[in-house]
Amino acid sequence: MNIRKLVIHWLGLVSVGIRRTASRATYTAKQRMRFSVLGVAVVIALLVMVTGLGVGLATNTTVYDEDIDYWIVPATDSPESPLIATDNPQFNSVHQANDRIHEHDDVEYATPVLSQVLRIRTNETEEYVLVVGVINTSELERVAGLRTHSLRPHDPYYMNGEYDGEWTGDTVLSRSAADTLSVSTGDPVSIVGNNSFTVSAVDNQSRSVGNVPTALVQLSELQSITGSTTYDQADQFVVGTNTPAVQSELQGLYPNSDIRSRGEMTVSDTRDSELSLALALTAFLVSLSIGMLFVITTSGLEIVADQQQLVILSAMGISTRSQLKLIGVETIVMAGLGGLFGAVSGVVGIRLINIVSIRTITTEPIAVSHPLFIGYGVSVALLVGLLSLPFLLVTARRVSGGVP
Amino acid sequence: MARSAAPDTGASSPVVTADDVTKIYYRGSEPGRLARILGRSQPPAVRAVESVSITISNEEIVGLAGPSGSGKSTILHMLAGLKRPTSGTVLFRDTDLETLSKRERTRHRLEHIGVVFQQFHLLDSLSARANVALPLVELGIGKRQRRQRAAELLERVGLGDRITHRPGELSGGEQQRVAIARALITDPDLVIADEPTGELDTDTGRTILETFRQVAENRAVVLASHDHETLGSCDRLIQLRDGSVTDHLTQKESIDEYS
């Protein structure tokens, strides 16, 4: 057969293979075909999602299309997390600084945060609790895992630059703090000997890490009972915004400060490791193995079920070699289809992962999605199909021939 | 009734000749070397065809008649090169099929023989036209030419308006006509048909026989059938019983016998 005829022969087989696959997927063997494609699609979707996570961890994902939180913390070499450190350097004049942050149009909310581990006493008991002072606003939802809604807004005790406004005594307790202190909403509590606090709410859905007993109070009231009023001090600021451009503005707020995203705080350790590479590599190898097993099983069963058709082809004079080429084309087409569906699903899955993670753990997307992932998914699926071919061709060769 | 006693040699040039062919089937596998040493005997044998000699000539329709198990299908399969005889030779023109490898026999079938089955055996995922054109893919013929020749043949068998239909959308008679068109697409020298009207009603069967009559020009056709009307339409008839030829009938004799 000359080259021209060989090319035409191959094109013809590819055309027949594609048409047979399409016809089986939509007409003659819908269930079997869809099951085969779905199997490959699931494997490839998982591969793309895990790869997206791996790349996200490796590159410190910065897909700025969701809400972003920043923490302004004093520059320090302390190994403690700024989320819970209570003995680091502090910022001063934080009420004024907070007002300046709010002047930025893209800032949704901001509050200084003062954290102290203090002794809280009730009629029955006395325990150490992490007390966190904040300035509540309507946009602020949680600080230190506690809902801020029960704190009156704008820190009423700090009025016009003086600590002489209305004392609220608002205290929001985490469930663990309320249980430890055996108090409920409306009960009075004494913080560092000051008896003027009342439990305004107990947050049953508090997200404080490790169930640390935590209490949320007005910033100025915490400052006044801990002697931090002289320089209007706080440990850090938390800023909610929908644009990363705010970060550069925040950097000029205090000279020796670090601006960190909440994502950086939670994933920084992970990012520095080789985990992301290992994750992506493992996902690749596992997908390849599972995909091959799946394709070999489903396509092998398909070949056995189609044995009669192979025998017919032999009787018609279609050579075993051409039959194997046809099966090869059909396997690759099926794997490619699965790869395409899987890759698209994987990219959609990455978006879902990001949405869920932003609502639960971080403020930044933790996984990266890129159009190249579609090509990657399809390529891996085609590789799965290619690597499965030897077994399938041996199977086909064994069942081919004979009389219909 | 005048009957020829000797093997028929055909009037015009012979297309295929089976000379003293015998086909033996074994029930179960033959014993290997170790099994033979251990004394395992040969499995029971069935002589499906016994010393049959027939010649099929160009432009004739030959019928193979006989009860079930008489060896009709086995003879057809040996003529088509789908099975090898246990002994004897099958000569296609000047080529001894026994000397061809499996691959060469498949190629030989593609180029010289068209096969029609009782159950049509079309590929249900392809359209009528694609089914008919499939052998041309193997021959490396271009798409346009494939489609054109397939459409012409389907037109010739009366299915010009059904070329895009899949087998599942066609009646039994239409499917058999597609199978005939497929068998003719490579312009073969010999068409063999095993019970071509076996799955069809009487009227449809007649249409199929008429189609065979039309396509018999410049080629030989061998039909195996139980059906009297089918056998009565043949130019010549070979009677089989228990794997052996019992009689050769001319067209007149076969009409007298079966019509």
# chains A, B, ... in the order shown; residues from 1 in each chain; ligands from 1

$ interface_residues --of "chain B" --to "chain A" --cutoff "7 Å" --atoms "only C-alpha atoms" --output "list in words"
Leu82, Arg103, Thr106, Arg107, Arg109, Leu110, Val115, His121, Leu123, Ser125, Leu126, Pro135, Val137, Glu138, Gly140, Ile141 and Gly142 of chain B

$ select_by_dssp --residues "range 36-185 of chain A" --states "strand (DSSP E or B)" --output "PyMOL selection string"
chain A and resi 68-74+91+107-121+126-134+142-143+146-147+159+162+170-174

$ select_by_dssp --residues "range 60-245 of chain B" --states "helix (DSSP H, G or I)" --output "ChimeraX atom specification"
/B:72-79,97-99,102-112,128-138,143-156,167-169,172-184,202-215,228-232

$ residues_around --residues "range 129-141 of chain A" --least-positions-apart "5" --cutoff "6 Å" --atoms "only C-alpha atoms" --output "ChimeraX atom specification"
/A:109,111-118,147-148,153-155,213-219,222

$ closest_residue --among "B:Gln42, B:Ser87, B:Thr74, B:Thr95" --to "Thr17 in chain B" --atoms "only C-alpha atoms"
B:Thr95

$ closest_residue --among "B:Leu38, B:Ala133, B:Val49, B:Val222" --to "Asp194 in chain B" --atoms "only C-alpha atoms"
B:Val222

$ atom_distance --atom1 "CA of Arg34 in chain A" --atom2 "CA of Met292 in chain A"
16.8 Å

$ closest_residue --among "A:Thr122, A:Asp235, A:Gln251, A:Ala245" --to "Ser184 in chain A" --atoms "only C-alpha atoms"
A:Thr122
